[in-house]
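Structure file upload-v3.cif with mmCIF, C-alpha atoms:
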```cif
data_work
#
loop_
_atom_site.label_atom_id
_atom_site.label_comp_id
_atom_site.auth_asym_id
_atom_site.auth_seq_id
_atom_site.Cartn_x
_atom_site.Cartn_y
_atom_site.Cartn_z
CA MET Y 16 -71.90 27.02 -18.84
CA TYR Y 17 -68.90 24.99 -17.96
CA THR Y 18 -66.07 24.55 -16.29
CA GLN Y 19 -62.93 25.01 -14.35
CA ALA Y 20 -59.59 25.03 -15.88
CA MET Y 21 -60.85 21.84 -17.30
CA ASP Y 22 -58.27 19.36 -18.30
CA VAL Y 23 -58.24 17.61 -14.96
CA PRO Y 24 -56.33 14.34 -14.90
CA ASP Y 25 -58.49 11.27 -15.44
CA GLY Y 26 -55.93 8.58 -14.89
CA SER Y 27 -54.09 8.83 -18.18
CA ASN Y 28 -50.99 10.90 -18.59
CA PRO Y 29 -50.68 11.59 -22.30
CA ALA Y 30 -47.65 13.82 -22.00
CA ALA Y 31 -45.65 10.92 -20.64
CA SER Y 32 -47.05 7.99 -22.58
CA ALA Y 33 -47.60 9.15 -26.15
CA PRO Y 34 -44.99 8.23 -28.75
CA ASP Y 35 -44.84 10.52 -31.78
CA SER Y 36 -44.86 9.47 -35.39
CA GLY Y 37 -43.99 12.79 -36.97
CA SER Y 38 -40.98 13.57 -39.13
CA PRO Y 39 -38.54 16.29 -38.03
CA GLN Y 40 -40.08 18.58 -40.69
CA GLN Y 41 -43.61 18.01 -39.40
CA ARG Y 42 -42.48 18.63 -35.85
CA ALA Y 43 -40.67 21.82 -36.86
CA HIS Y 44 -43.72 23.03 -38.73
CA PHE Y 45 -45.94 22.42 -35.70
CA ASP Y 46 -43.51 24.21 -33.36
CA ALA Y 47 -43.23 27.16 -35.74
CA THR Y 48 -47.01 27.46 -36.03
CA ILE Y 49 -47.40 27.49 -32.24
CA ALA Y 50 -44.52 29.96 -31.83
CA ALA Y 51 -46.08 32.30 -34.39
CA ASP Y 52 -49.43 32.06 -32.56
CA GLY Y 53 -50.99 30.37 -35.59
CA ARG Y 54 -53.77 27.80 -35.62
CA ILE Y 55 -53.59 24.02 -35.91
CA GLU Y 56 -56.33 22.43 -38.03
CA PRO Y 57 -57.61 18.83 -37.95
CA GLN Y 58 -55.60 17.51 -40.92
CA ASP Y 59 -52.34 19.11 -39.74
CA TRP Y 60 -49.76 16.93 -38.07
CA MET Y 61 -49.70 17.39 -34.29
CA PRO Y 62 -47.82 15.70 -31.44
CA GLU Y 63 -49.79 12.85 -29.93
CA ALA Y 64 -49.65 14.48 -26.48
CA TYR Y 65 -51.17 17.69 -27.89
CA ARG Y 66 -53.97 15.67 -29.48
CA GLN Y 67 -54.64 13.72 -26.28
CA THR Y 68 -54.61 16.82 -24.09
CA LEU Y 69 -57.11 18.57 -26.34
CA LEU Y 70 -59.27 15.51 -26.64
CA ARG Y 71 -59.46 15.18 -22.89
CA GLN Y 72 -60.11 18.89 -22.32
CA ILE Y 73 -62.72 19.33 -25.06
CA SER Y 74 -64.60 16.18 -24.15
CA GLN Y 75 -64.59 17.14 -20.45
CA HIS Y 76 -65.88 20.52 -21.50
CA ALA Y 77 -68.62 18.98 -23.67
CA ASN Y 78 -69.59 16.61 -20.85
CA SER Y 79 -69.85 19.59 -18.50
CA GLU Y 80 -72.27 21.32 -20.82
CA ILE Y 81 -74.71 18.45 -20.94
CA VAL Y 82 -74.42 17.51 -17.27
CA GLY Y 83 -74.88 21.23 -16.59
CA MET Y 84 -78.36 20.98 -18.08
CA LEU Y 85 -79.48 18.83 -15.14
CA PRO Y 86 -79.42 21.11 -12.04
CA GLU Y 87 -81.36 23.80 -13.91
CA GLY Y 88 -83.53 21.41 -15.89
CA ASN Y 89 -84.99 20.34 -12.56
CA TRP Y 90 -86.35 23.86 -12.10
CA ILE Y 91 -88.11 24.30 -15.45
CA SER Y 92 -91.41 22.96 -14.15
CA ARG Y 93 -91.11 25.03 -10.97
CA ALA Y 94 -90.07 28.41 -12.41
CA PRO Y 95 -92.02 31.21 -10.69
CA SER Y 96 -93.53 32.69 -13.87
CA LEU Y 97 -94.06 31.92 -17.54
CA LYS Y 98 -91.38 34.48 -18.42
CA ARG Y 99 -88.78 32.86 -16.17
CA LYS Y 100 -89.75 29.45 -17.45
CA ALA Y 101 -89.30 30.45 -21.11
CA ILE Y 102 -85.90 32.00 -20.27
CA LEU Y 103 -84.78 28.89 -18.41
CA ILE Y 104 -85.84 26.57 -21.23
CA ALA Y 105 -83.87 28.71 -23.69
CA LYS Y 106 -80.82 28.62 -21.45
CA VAL Y 107 -80.91 24.86 -20.92
CA GLN Y 108 -81.38 24.38 -24.67
CA ASP Y 109 -78.28 26.53 -25.23
CA GLU Y 110 -76.26 24.23 -22.95
CA GLY Y 111 -77.29 21.26 -25.05
CA GLY Y 112 -76.18 23.14 -28.16
CA HIS Y 113 -72.85 24.02 -26.54
CA GLY Y 114 -72.31 20.35 -25.78
CA LEU Y 115 -72.97 19.56 -29.43
CA TYR Y 116 -70.48 22.16 -30.75
CA LEU Y 117 -67.83 20.81 -28.41
CA TYR Y 118 -68.41 17.12 -29.13
CA GLY Y 119 -68.14 18.13 -32.79
CA ALA Y 120 -64.80 19.87 -32.18
CA ALA Y 121 -63.51 16.82 -30.27
CA GLU Y 122 -64.59 14.49 -33.09
CA THR Y 123 -62.19 16.28 -35.44
CA LEU Y 124 -59.39 14.81 -33.29
CA GLY Y 125 -60.36 11.29 -34.24
CA THR Y 126 -62.87 10.06 -31.69
CA SER Y 127 -66.62 9.53 -31.91
CA ARG Y 128 -69.36 11.17 -29.92
CA ALA Y 129 -70.70 7.75 -28.96
CA ASP Y 130 -67.34 6.86 -27.41
CA MET Y 131 -67.13 10.14 -25.51
CA ILE Y 132 -70.63 9.72 -24.13
CA ALA Y 133 -69.88 6.12 -23.19
CA ALA Y 134 -66.77 7.35 -21.33
CA LEU Y 135 -68.87 9.91 -19.46
CA HIS Y 136 -71.53 7.37 -18.54
CA SER Y 137 -69.04 4.80 -17.32
CA GLY Y 138 -67.40 7.41 -15.07
CA ARG Y 139 -64.13 7.21 -17.01
CA ALA Y 140 -64.40 10.79 -18.31
CA LYS Y 141 -64.82 13.77 -16.04
CA TYR Y 142 -67.10 16.79 -16.10
CA SER Y 143 -66.99 20.01 -14.10
CA SER Y 144 -67.36 19.28 -10.40
CA ILE Y 145 -69.56 22.37 -9.95
CA PHE Y 146 -72.57 20.36 -11.16
CA ASN Y 147 -72.23 17.90 -8.32
CA TYR Y 148 -73.86 20.37 -5.94
CA PRO Y 149 -77.64 20.63 -5.59
CA ALA Y 150 -79.78 23.58 -6.73
CA LEU Y 151 -81.95 23.80 -3.61
CA SER Y 152 -84.13 26.86 -4.25
CA TRP Y 153 -85.14 29.14 -7.10
CA ALA Y 154 -82.39 31.53 -5.96
CA ASP Y 155 -79.87 28.82 -6.83
CA VAL Y 156 -80.97 29.03 -10.45
CA GLY Y 157 -80.22 32.77 -10.42
CA VAL Y 158 -76.87 32.24 -8.69
CA ILE Y 159 -75.89 29.54 -11.18
CA GLY Y 160 -76.46 32.07 -13.97
CA TRP Y 161 -74.75 34.96 -12.25
CA LEU Y 162 -71.76 33.24 -10.60
CA VAL Y 163 -71.28 29.84 -12.22
CA ASP Y 164 -71.82 31.14 -15.75
CA GLY Y 165 -69.91 34.29 -14.84
CA ALA Y 166 -66.90 32.17 -13.84
CA ALA Y 167 -67.36 30.05 -16.95
CA ILE Y 168 -67.26 33.13 -19.19
CA MET Y 169 -63.99 34.27 -17.57
CA ASN Y 170 -62.55 30.85 -18.37
CA GLN Y 171 -63.97 30.61 -21.85
CA ILE Y 172 -63.06 33.97 -23.36
CA PRO Y 173 -59.33 33.15 -23.55
CA LEU Y 174 -60.24 29.79 -25.13
CA CYS Y 175 -61.56 31.68 -28.17
CA ARG Y 176 -57.84 32.18 -28.97
CA CYS Y 177 -56.90 28.53 -28.41
CA SER Y 178 -54.29 27.19 -30.85
CA TYR Y 179 -56.62 24.41 -32.04
CA GLY Y 180 -58.92 25.94 -34.69
CA PRO Y 181 -62.11 23.87 -34.21
CA TYR Y 182 -62.06 24.39 -30.42
CA ALA Y 183 -61.47 28.15 -30.77
CA ARG Y 184 -64.33 28.45 -33.29
CA ALA Y 185 -66.71 26.52 -31.05
CA MET Y 186 -65.77 28.77 -28.14
CA ILE Y 187 -66.49 31.95 -30.10
CA ARG Y 188 -70.00 30.71 -30.78
CA ILE Y 189 -70.47 29.64 -27.16
CA CYS Y 190 -69.21 32.92 -25.68
CA LYS Y 191 -71.66 34.87 -27.84
CA GLU Y 192 -74.54 32.93 -26.35
CA GLU Y 193 -73.24 32.73 -22.81
CA SER Y 194 -73.61 36.40 -21.94
CA PHE Y 195 -77.39 36.07 -21.84
CA HIS Y 196 -77.01 33.27 -19.30
CA GLN Y 197 -75.19 35.43 -16.81
CA ARG Y 198 -77.44 38.44 -17.26
CA GLN Y 199 -80.68 36.49 -16.86
CA GLY Y 200 -79.33 35.07 -13.58
CA PHE Y 201 -78.44 38.49 -12.23
CA ASP Y 202 -81.84 39.79 -13.35
CA ALA Y 203 -83.67 36.99 -11.53
CA LEU Y 204 -81.69 37.68 -8.34
CA LEU Y 205 -82.31 41.41 -8.58
CA ALA Y 206 -86.05 40.74 -8.73
CA MET Y 207 -85.81 38.65 -5.55
CA MET Y 208 -83.64 41.21 -3.75
CA ARG Y 209 -86.39 43.79 -4.41
CA GLY Y 210 -88.93 41.38 -2.91
CA THR Y 211 -89.73 40.15 0.59
CA PRO Y 212 -87.17 39.54 3.36
CA ALA Y 213 -87.72 35.81 2.85
CA GLN Y 214 -86.77 36.12 -0.82
CA GLN Y 215 -83.70 38.17 0.07
CA ALA Y 216 -82.66 35.54 2.58
CA MET Y 217 -83.01 32.86 -0.10
CA VAL Y 218 -80.61 34.74 -2.37
CA GLN Y 219 -78.07 35.24 0.42
CA ASP Y 220 -78.27 31.56 1.33
CA ALA Y 221 -77.66 30.51 -2.26
CA VAL Y 222 -74.71 32.91 -2.62
CA ASN Y 223 -73.23 31.52 0.61
CA ARG Y 224 -73.41 27.98 -0.71
CA TRP Y 225 -72.06 28.70 -4.23
CA TRP Y 226 -69.38 31.36 -3.78
CA TRP Y 227 -66.46 29.14 -2.78
CA LYS Y 228 -67.41 26.43 -5.28
CA CYS Y 229 -67.24 29.04 -8.04
CA LEU Y 230 -63.76 30.15 -6.99
CA ALA Y 231 -62.63 26.52 -7.17
CA MET Y 232 -63.94 26.29 -10.76
CA PHE Y 233 -60.80 28.07 -11.95
CA GLY Y 234 -58.74 25.07 -10.89
CA PRO Y 235 -55.87 24.65 -8.45
CA PRO Y 236 -53.24 27.39 -8.02
CA ASP Y 237 -50.88 27.55 -11.01
CA ALA Y 238 -48.00 26.45 -8.81
CA ASP Y 239 -49.70 23.06 -8.27
CA SER Y 240 -50.68 22.48 -11.87
CA GLU Y 241 -48.16 20.80 -14.18
CA HIS Y 242 -50.82 20.26 -16.89
CA SER Y 243 -51.46 23.95 -16.87
CA ALA Y 244 -47.89 24.89 -17.76
CA GLN Y 245 -47.76 22.52 -20.75
CA SER Y 246 -51.13 23.76 -22.01
CA MET Y 247 -49.83 27.32 -21.81
CA ARG Y 248 -46.79 26.43 -23.92
CA TRP Y 249 -49.07 24.87 -26.53
CA GLY Y 250 -51.39 27.87 -26.65
CA ILE Y 251 -54.34 25.73 -25.54
CA LYS Y 252 -54.56 27.78 -22.41
CA ARG Y 253 -53.79 31.50 -22.44
CA ILE Y 254 -54.23 32.80 -18.90
CA GLY Y 255 -53.34 31.09 -15.62
CA ASN Y 256 -55.88 29.81 -13.09
CA ASP Y 257 -54.94 32.35 -10.42
CA GLU Y 258 -55.14 35.34 -12.72
CA LEU Y 259 -58.56 34.32 -14.04
CA ARG Y 260 -59.82 33.73 -10.50
CA GLN Y 261 -58.63 37.20 -9.51
CA GLN Y 262 -60.35 38.75 -12.55
CA PHE Y 263 -63.57 37.02 -11.56
CA ILE Y 264 -63.43 38.22 -7.96
CA ASP Y 265 -62.61 41.80 -8.98
CA ALA Y 266 -65.53 41.84 -11.41
CA THR Y 267 -67.98 40.20 -9.01
CA VAL Y 268 -67.54 42.23 -5.82
CA PRO Y 269 -69.12 45.42 -7.25
CA GLN Y 270 -71.96 43.36 -8.74
CA ALA Y 271 -72.67 41.86 -5.31
CA GLU Y 272 -72.86 45.38 -3.90
CA VAL Y 273 -75.46 46.39 -6.48
CA LEU Y 274 -77.42 43.25 -5.67
CA GLY Y 275 -77.10 43.90 -1.91
CA VAL Y 276 -75.69 40.47 -0.99
CA THR Y 277 -72.63 39.67 1.11
CA LEU Y 278 -69.96 37.40 -0.32
CA PRO Y 279 -69.18 34.84 2.41
CA ASP Y 280 -65.49 35.60 2.89
CA PRO Y 281 -64.46 37.70 5.89
CA GLU Y 282 -61.00 38.15 4.37
CA LEU Y 283 -62.34 39.62 1.14
CA LYS Y 284 -61.13 43.22 0.97
CA TRP Y 285 -59.68 45.72 -1.48
CA ASN Y 286 -55.90 45.83 -1.60
CA ALA Y 287 -54.93 49.28 -2.91
CA GLU Y 288 -51.32 48.26 -3.34
CA ARG Y 289 -52.18 45.40 -5.71
CA SER Y 290 -55.30 47.09 -7.09
CA HIS Y 291 -57.10 43.80 -6.55
CA TYR Y 292 -59.31 42.19 -3.94
CA ASP Y 293 -57.58 39.88 -1.48
CA HIS Y 294 -59.50 36.73 -0.55
CA GLY Y 295 -59.42 33.89 1.96
CA ALA Y 296 -58.07 30.38 1.40
CA ILE Y 297 -59.99 27.92 -0.79
CA ASP Y 298 -60.78 24.44 0.56
CA TRP Y 299 -59.04 22.30 -2.07
CA GLU Y 300 -59.62 19.11 -0.13
CA GLU Y 301 -63.37 19.50 -0.66
CA PHE Y 302 -62.82 20.27 -4.35
CA ARG Y 303 -60.69 17.17 -4.89
CA SER Y 304 -63.10 14.93 -3.05
CA THR Y 305 -66.04 16.15 -5.18
CA LEU Y 306 -63.99 15.67 -8.33
CA ALA Y 307 -63.11 12.15 -7.19
CA GLY Y 308 -66.82 11.31 -7.01
CA TYR Y 309 -67.75 12.05 -3.40
CA GLY Y 310 -69.73 15.27 -3.88
CA PRO Y 311 -73.37 15.47 -2.80
CA CYS Y 312 -74.85 14.80 -6.28
CA ASN Y 313 -72.24 12.88 -8.30
CA ARG Y 314 -74.22 9.66 -8.33
CA GLU Y 315 -77.55 11.32 -8.97
CA ARG Y 316 -76.25 13.41 -11.90
CA LEU Y 317 -74.66 10.49 -13.65
CA ALA Y 318 -77.68 8.25 -13.08
CA THR Y 319 -80.03 10.92 -14.50
CA ARG Y 320 -77.73 11.40 -17.49
CA VAL Y 321 -77.55 7.65 -18.22
CA ALA Y 322 -81.32 7.27 -17.82
CA ALA Y 323 -81.95 10.12 -20.28
CA HIS Y 324 -79.65 8.45 -22.79
CA GLU Y 325 -81.23 5.02 -22.38
CA ASN Y 326 -84.78 6.37 -22.51
CA GLY Y 327 -83.96 8.11 -25.77
CA ARG Y 328 -82.44 5.04 -27.36
CA TRP Y 329 -85.62 3.95 -29.14
CA VAL Y 330 -85.92 7.39 -30.77
CA ARG Y 331 -82.38 7.22 -32.16
CA GLU Y 332 -82.90 3.70 -33.41
CA ALA Y 333 -86.29 4.49 -34.93
CA ALA Y 334 -84.85 7.49 -36.79
CA LEU Y 335 -82.10 5.34 -38.27
CA ALA Y 336 -84.53 2.57 -39.22
CA HIS Y 337 -86.74 5.14 -40.92
CA ALA Y 338 -83.79 6.64 -42.81
CA ARG Y 339 -82.72 3.18 -44.01
CA LYS Y 340 -86.24 2.31 -45.15
CA GLN Y 341 -86.53 5.58 -47.08
CA GLN Y 342 -83.18 4.95 -48.73
CA GLN Y 343 -84.21 1.43 -49.71
CA ARG Y 344 -87.47 2.70 -51.17
CA ASN Y 345 -85.62 5.33 -53.20
CA THR Y 346 -83.23 2.75 -54.67
CA GLU Y 347 -86.15 0.47 -55.55
CA ASP Y 348 -87.99 3.34 -57.24
CA ALA Y 349 -84.90 4.20 -59.21
CA SER Y 350 -84.33 0.67 -60.53
CA MET X 14 -81.83 -7.06 -39.08
CA THR X 15 -79.12 -7.50 -41.68
CA THR X 16 -77.52 -4.07 -41.38
CA PRO X 17 -75.15 -3.69 -38.43
CA PRO X 18 -76.35 -1.08 -35.91
CA LEU X 19 -74.59 2.26 -36.31
CA LYS X 20 -73.06 3.67 -33.15
CA ASP X 21 -73.82 7.23 -34.14
CA TRP X 22 -76.10 8.91 -36.61
CA PRO X 23 -73.97 9.93 -39.64
CA LEU X 24 -72.21 13.30 -39.61
CA TRP X 25 -73.45 16.30 -41.64
CA GLU X 26 -71.84 19.66 -42.37
CA VAL X 27 -74.10 22.67 -41.96
CA PHE X 28 -74.03 25.85 -44.09
CA VAL X 29 -76.17 28.85 -43.20
CA ARG X 30 -77.11 31.89 -45.28
CA SER X 31 -77.28 34.69 -42.72
CA LYS X 32 -79.39 36.95 -44.92
CA GLN X 33 -80.75 37.20 -48.40
CA GLY X 34 -77.99 38.28 -50.79
CA LEU X 35 -75.13 36.64 -48.87
CA GLU X 36 -73.55 33.24 -49.48
CA HIS X 37 -74.12 30.13 -47.41
CA LYS X 38 -71.28 29.84 -44.93
CA HIS X 39 -70.02 26.75 -43.12
CA CYS X 40 -70.98 27.01 -39.47
CA GLY X 41 -70.49 23.55 -37.98
CA SER X 42 -71.54 19.94 -38.06
CA LEU X 43 -74.04 17.62 -36.44
CA HIS X 44 -75.22 14.01 -36.39
CA ALA X 45 -78.56 13.10 -37.97
CA ALA X 46 -80.24 9.99 -39.34
CA ASP X 47 -81.18 11.57 -42.68
CA ALA X 48 -81.19 14.86 -44.57
CA ARG X 49 -84.59 15.96 -43.37
CA GLN X 50 -83.65 15.43 -39.75
CA ALA X 51 -80.28 17.11 -40.32
CA LEU X 52 -82.09 20.23 -41.57
CA HIS X 53 -84.43 20.17 -38.63
CA LEU X 54 -81.61 19.80 -36.08
CA ALA X 55 -79.49 22.43 -37.83
CA ARG X 56 -82.36 24.86 -37.48
CA ASP X 57 -82.57 24.10 -33.73
CA VAL X 58 -78.82 24.21 -33.12
CA TYR X 59 -77.52 26.95 -35.40
CA THR X 60 -80.38 29.42 -35.92
CA ARG X 61 -81.95 29.93 -32.51
CA ARG X 62 -81.19 33.65 -32.62
CA GLN X 63 -82.19 34.53 -36.17
CA GLU X 64 -78.72 33.69 -37.52
CA GLY X 65 -80.07 32.49 -40.83
CA VAL X 66 -82.71 32.52 -43.56
CA SER X 67 -81.61 29.36 -45.37
CA ILE X 68 -79.72 26.17 -44.47
CA TRP X 69 -77.77 23.59 -46.50
CA VAL X 70 -76.77 20.24 -45.03
CA VAL X 71 -74.22 18.00 -46.73
CA PRO X 72 -73.11 14.51 -45.63
CA SER X 73 -69.57 15.03 -44.31
CA ALA X 74 -68.49 11.88 -46.15
CA ALA X 75 -69.43 13.55 -49.46
CA ILE X 76 -66.81 16.27 -49.07
CA THR X 77 -63.49 15.87 -50.86
CA ALA X 78 -60.76 17.96 -49.27
CA SER X 79 -57.30 18.86 -50.49
CA ASN X 80 -54.50 17.02 -48.77
CA PRO X 81 -52.48 19.20 -46.36
CA ASP X 82 -49.29 17.51 -47.63
CA ASP X 83 -50.03 19.00 -51.06
CA LYS X 84 -50.24 22.51 -49.67
CA ALA X 85 -46.96 23.65 -51.17
CA GLU X 86 -47.61 22.07 -54.54
CA LEU X 87 -51.09 23.53 -54.79
CA PHE X 88 -50.74 26.99 -53.37
CA ASP X 89 -47.12 28.10 -53.47
CA PRO X 90 -47.05 28.71 -57.26
CA ALA X 91 -49.44 31.63 -56.72
CA ALA X 92 -46.96 33.35 -54.40
CA ASP X 93 -44.62 34.58 -57.14
CA LYS X 94 -47.32 35.78 -59.53
CA ILE X 95 -47.70 39.20 -58.01
CA TYR X 96 -48.58 40.65 -61.44
CA ARG X 97 -52.05 39.16 -60.85
CA HIS X 98 -52.73 41.92 -58.34
CA PRO X 99 -53.67 45.47 -59.36
CA SER X 100 -51.10 46.90 -56.93
CA PHE X 101 -48.30 45.48 -59.16
CA TYR X 102 -48.83 48.28 -61.69
CA ASP X 103 -47.66 51.87 -61.24
CA ILE X 104 -50.11 54.15 -62.98
CA PRO X 105 -49.26 57.89 -63.19
CA ASP X 106 -51.18 60.00 -60.70
CA ASP X 107 -52.64 62.14 -63.49
CA VAL X 108 -54.68 59.17 -64.64
CA GLY X 109 -56.72 59.35 -61.46
CA HIS X 110 -58.80 56.44 -60.28
CA MET X 111 -58.49 53.33 -62.42
#
```

Structure re-expressed in structure tokens:
Amino acid sequence: MYTQAMDVPDGSNPAASAPDSGSPQQRAHFDATIAADGRIEPQDWMPEAYRQTLLRQISQHANSEIVGMLPEGNWISRAPSLKRKAILIAKVQDEGGHGLYLYGAAETLGTSRADMIAALHSGRAKYSSIFNYPALSWADVGVIGWLVDGAAIMNQIPLCRCSYGPYARAMIRICKEESFHQRQGFDALLAMMRGTPAQQAMVQDAVNRWWWKCLAMFGPPDADSEHSAQSMRWGIKRIGNDELRQQFIDATVPQAEVLGVTLPDPELKWNAERSHYDHGAIDWEEFRSTLAGYGPCNRERLATRVAAHENGRWVREAALAHARKQQQRNTEDAS
Amino acid sequence: MTTPPLKDWPLWEVFVRSKQGLEHKHCGSLHAADARQALHLARDVYTRRQEGVSIWVVPSAAITASNPDDKAELFDPAADKIYRHPSFYDIPDDVGHM
């Protein structure tokens, strides 16, 4: 799960500030590779702005995966059956794995995981704002799978063709695993929609609260996104925010009909001329304010994340101490 | 404590054999304190859906890679040796499959 057209500004502006060290030949080789839709690998020369843009996007993506474990993790002990609990544990474990793949991809750009996690914990680095909303009922867990992961998949599939090799490879692995996340969510909601009126009302309430947040996950309209245009030129990003958002809406409306829920947008209707659904206006003010740290759960998520890291410190240190002791013993035995 | 504390566990590269009879293939990397833990974590991270029957882990620092600047020197000489490929040779049709 992730995302939004990640790469949201976090104060730095690499495109403007990064001087380049490359020779004209190296630069020409990079430009030719991008123009031919080839792949850039870690040891290849790349413009500093390209490196910084990727670093920011991949680390934000990785952060989103591990913060994304929190809203659902809260529900593991309250899942309604053993089956749902096992499914949810598997899903949350997947998110942790996705975070690991992505931190690994970012490390190939010359940073360390410890630094990225420190940046997340200090609030310097961003993560997807979607996780700053609460998961209030069991139906929220289903909706997170169906809509949030559904939106994430739309965003992530084009990233499998990203011009940076390690990121593209990580995304292929992630997309393979992500499909189960969306389907289990839909399945959980379907079970509730076949249940009591109270259960059906819970699903509708959750859909009402999440729908607009999911549309915002695709990021601001392309017209307002300068980052977006540069990323497109570099082949980091392949499809614009608006087009992906439209794809998501077109795919979701029929699914909502099968489920029997109403999407909370009175302006949502089929436009035969465009062969797409039209939709109402998104509240970008709310999106920006959540991103800036004023959403309902920003503080709680970060605090939980930091606590988990601190509480696990002794395990990491003990494992290292053990490894060192073993190594010492082996050298002594050998001499 | 004489050794300085490491910020991260060291990095390992992970290779997985997807089934008996196939080679181990690089599938990613991870941080772990030692080899045993690296194996354990690799199993949790890379084989949750029966992707493998065997795992190798190698300290990333132990890998020697060719320098990208040497690419031309190393690999270009092979480009003009097309006689190393079977398709270089025209064999009469009457010979049949060879």

Report, in Å to a single decimal, how far apart atom CA of Ser194 of chain Y and atom CA of Asp164 of chain Y are. 8.3 Å

What residues in chain Y lie within 8 Å of chain X, counting all atoms listed in the file, written as an mmCIF file with C-alpha atoms, in the frame of the given file?
```cif
data_model
loop_
_atom_site.group_PDB
_atom_site.id
_atom_site.type_symbol
_atom_site.label_atom_id
_atom_site.label_comp_id
_atom_site.auth_asym_id
_atom_site.auth_seq_id
_atom_site.Cartn_x
_atom_site.Cartn_y
_atom_site.Cartn_z
ATOM 1 C CA GLN Y 58 -55.600 17.510 -40.920
ATOM 2 C CA ASP Y 59 -52.340 19.110 -39.740
ATOM 3 C CA GLY Y 112 -76.180 23.140 -28.160
ATOM 4 C CA LEU Y 115 -72.970 19.560 -29.430
ATOM 5 C CA TYR Y 116 -70.480 22.160 -30.750
ATOM 6 C CA GLY Y 119 -68.140 18.130 -32.790
ATOM 7 C CA SER Y 127 -66.620 9.530 -31.910
ATOM 8 C CA ARG Y 128 -69.360 11.170 -29.920
ATOM 9 C CA ALA Y 129 -70.700 7.750 -28.960
ATOM 10 C CA ARG Y 331 -82.380 7.220 -32.160
ATOM 11 C CA ALA Y 334 -84.850 7.490 -36.790
ATOM 12 C CA LEU Y 335 -82.100 5.340 -38.270
ATOM 13 C CA ALA Y 338 -83.790 6.640 -42.810
#
```

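Take atom CA of Val71 of chain X and atom CA of Glu26 of chain X: the distance between them is 5.2 Å.
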
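Separating atom CA of Trp25 of chain X from atom CA of Arg56 of chain X is a distance of 13.0 Å.
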
Target residues per the PyMOL selection byres ((chain Y and resi 99) around 12), formatted as a ChimeraX atom specification: /Y:87,90-98,100-106,153,156-157,199-200,202-204,206

Dump of C-alpha atoms for the selected residues, as a short mmCIF file (atom, residue, chain, number, x, y, z; two decimals), in the frame of the given file:
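Output saved as part-v7.cif:
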```
data_model
loop_
_atom_site.label_atom_id
_atom_site.label_comp_id
_atom_site.auth_asym_id
_atom_site.auth_seq_id
_atom_site.Cartn_x
_atom_site.Cartn_y
_atom_site.Cartn_z
CA GLU Y 87 -81.36 23.80 -13.91
CA TRP Y 90 -86.35 23.86 -12.10
CA ILE Y 91 -88.11 24.30 -15.45
CA SER Y 92 -91.41 22.96 -14.15
CA ARG Y 93 -91.11 25.03 -10.97
CA ALA Y 94 -90.07 28.41 -12.41
CA PRO Y 95 -92.02 31.21 -10.69
CA SER Y 96 -93.53 32.69 -13.87
CA LEU Y 97 -94.06 31.92 -17.54
CA LYS Y 98 -91.38 34.48 -18.42
CA LYS Y 100 -89.75 29.45 -17.45
CA ALA Y 101 -89.30 30.45 -21.11
CA ILE Y 102 -85.90 32.00 -20.27
CA LEU Y 103 -84.78 28.89 -18.41
CA ILE Y 104 -85.84 26.57 -21.23
CA ALA Y 105 -83.87 28.71 -23.69
CA LYS Y 106 -80.82 28.62 -21.45
CA TRP Y 153 -85.14 29.14 -7.10
CA VAL Y 156 -80.97 29.03 -10.45
CA GLY Y 157 -80.22 32.77 -10.42
CA GLN Y 199 -80.68 36.49 -16.86
CA GLY Y 200 -79.33 35.07 -13.58
CA ASP Y 202 -81.84 39.79 -13.35
CA ALA Y 203 -83.67 36.99 -11.53
CA LEU Y 204 -81.69 37.68 -8.34
CA ALA Y 206 -86.05 40.74 -8.73
#
```

Residues returned when the PyMOL selection byres ((chain Y and resi 296-298) around 12) runs on this file, as an mmCIF file with C-alpha atoms, keeping the file's coordinate frame:
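out_29.cif, freshly written:
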```cif
data_model
loop_
_atom_site.group_PDB
_atom_site.id
_atom_site.type_symbol
_atom_site.label_atom_id
_atom_site.label_comp_id
_atom_site.auth_asym_id
_atom_site.auth_seq_id
_atom_site.Cartn_x
_atom_site.Cartn_y
_atom_site.Cartn_z
ATOM 1 C CA TRP Y 226 -69.380 31.360 -3.780
ATOM 2 C CA TRP Y 227 -66.460 29.140 -2.780
ATOM 3 C CA LYS Y 228 -67.410 26.430 -5.280
ATOM 4 C CA CYS Y 229 -67.240 29.040 -8.040
ATOM 5 C CA LEU Y 230 -63.760 30.150 -6.990
ATOM 6 C CA ALA Y 231 -62.630 26.520 -7.170
ATOM 7 C CA MET Y 232 -63.940 26.290 -10.760
ATOM 8 C CA PHE Y 233 -60.800 28.070 -11.950
ATOM 9 C CA GLY Y 234 -58.740 25.070 -10.890
ATOM 10 C CA PRO Y 235 -55.870 24.650 -8.450
ATOM 11 C CA PRO Y 236 -53.240 27.390 -8.020
ATOM 12 C CA ASP Y 257 -54.940 32.350 -10.420
ATOM 13 C CA ARG Y 260 -59.820 33.730 -10.500
ATOM 14 C CA PRO Y 279 -69.180 34.840 2.410
ATOM 15 C CA ASP Y 280 -65.490 35.600 2.890
ATOM 16 C CA PRO Y 281 -64.460 37.700 5.890
ATOM 17 C CA GLU Y 282 -61.000 38.150 4.370
ATOM 18 C CA LEU Y 283 -62.340 39.620 1.140
ATOM 19 C CA ASP Y 293 -57.580 39.880 -1.480
ATOM 20 C CA HIS Y 294 -59.500 36.730 -0.550
ATOM 21 C CA GLY Y 295 -59.420 33.890 1.960
ATOM 22 C CA TRP Y 299 -59.040 22.300 -2.070
ATOM 23 C CA GLU Y 300 -59.620 19.110 -0.130
ATOM 24 C CA GLU Y 301 -63.370 19.500 -0.660
ATOM 25 C CA PHE Y 302 -62.820 20.270 -4.350
ATOM 26 C CA ARG Y 303 -60.690 17.170 -4.890
ATOM 27 C CA SER Y 304 -63.100 14.930 -3.050
ATOM 28 C CA THR Y 305 -66.040 16.150 -5.180
#
```
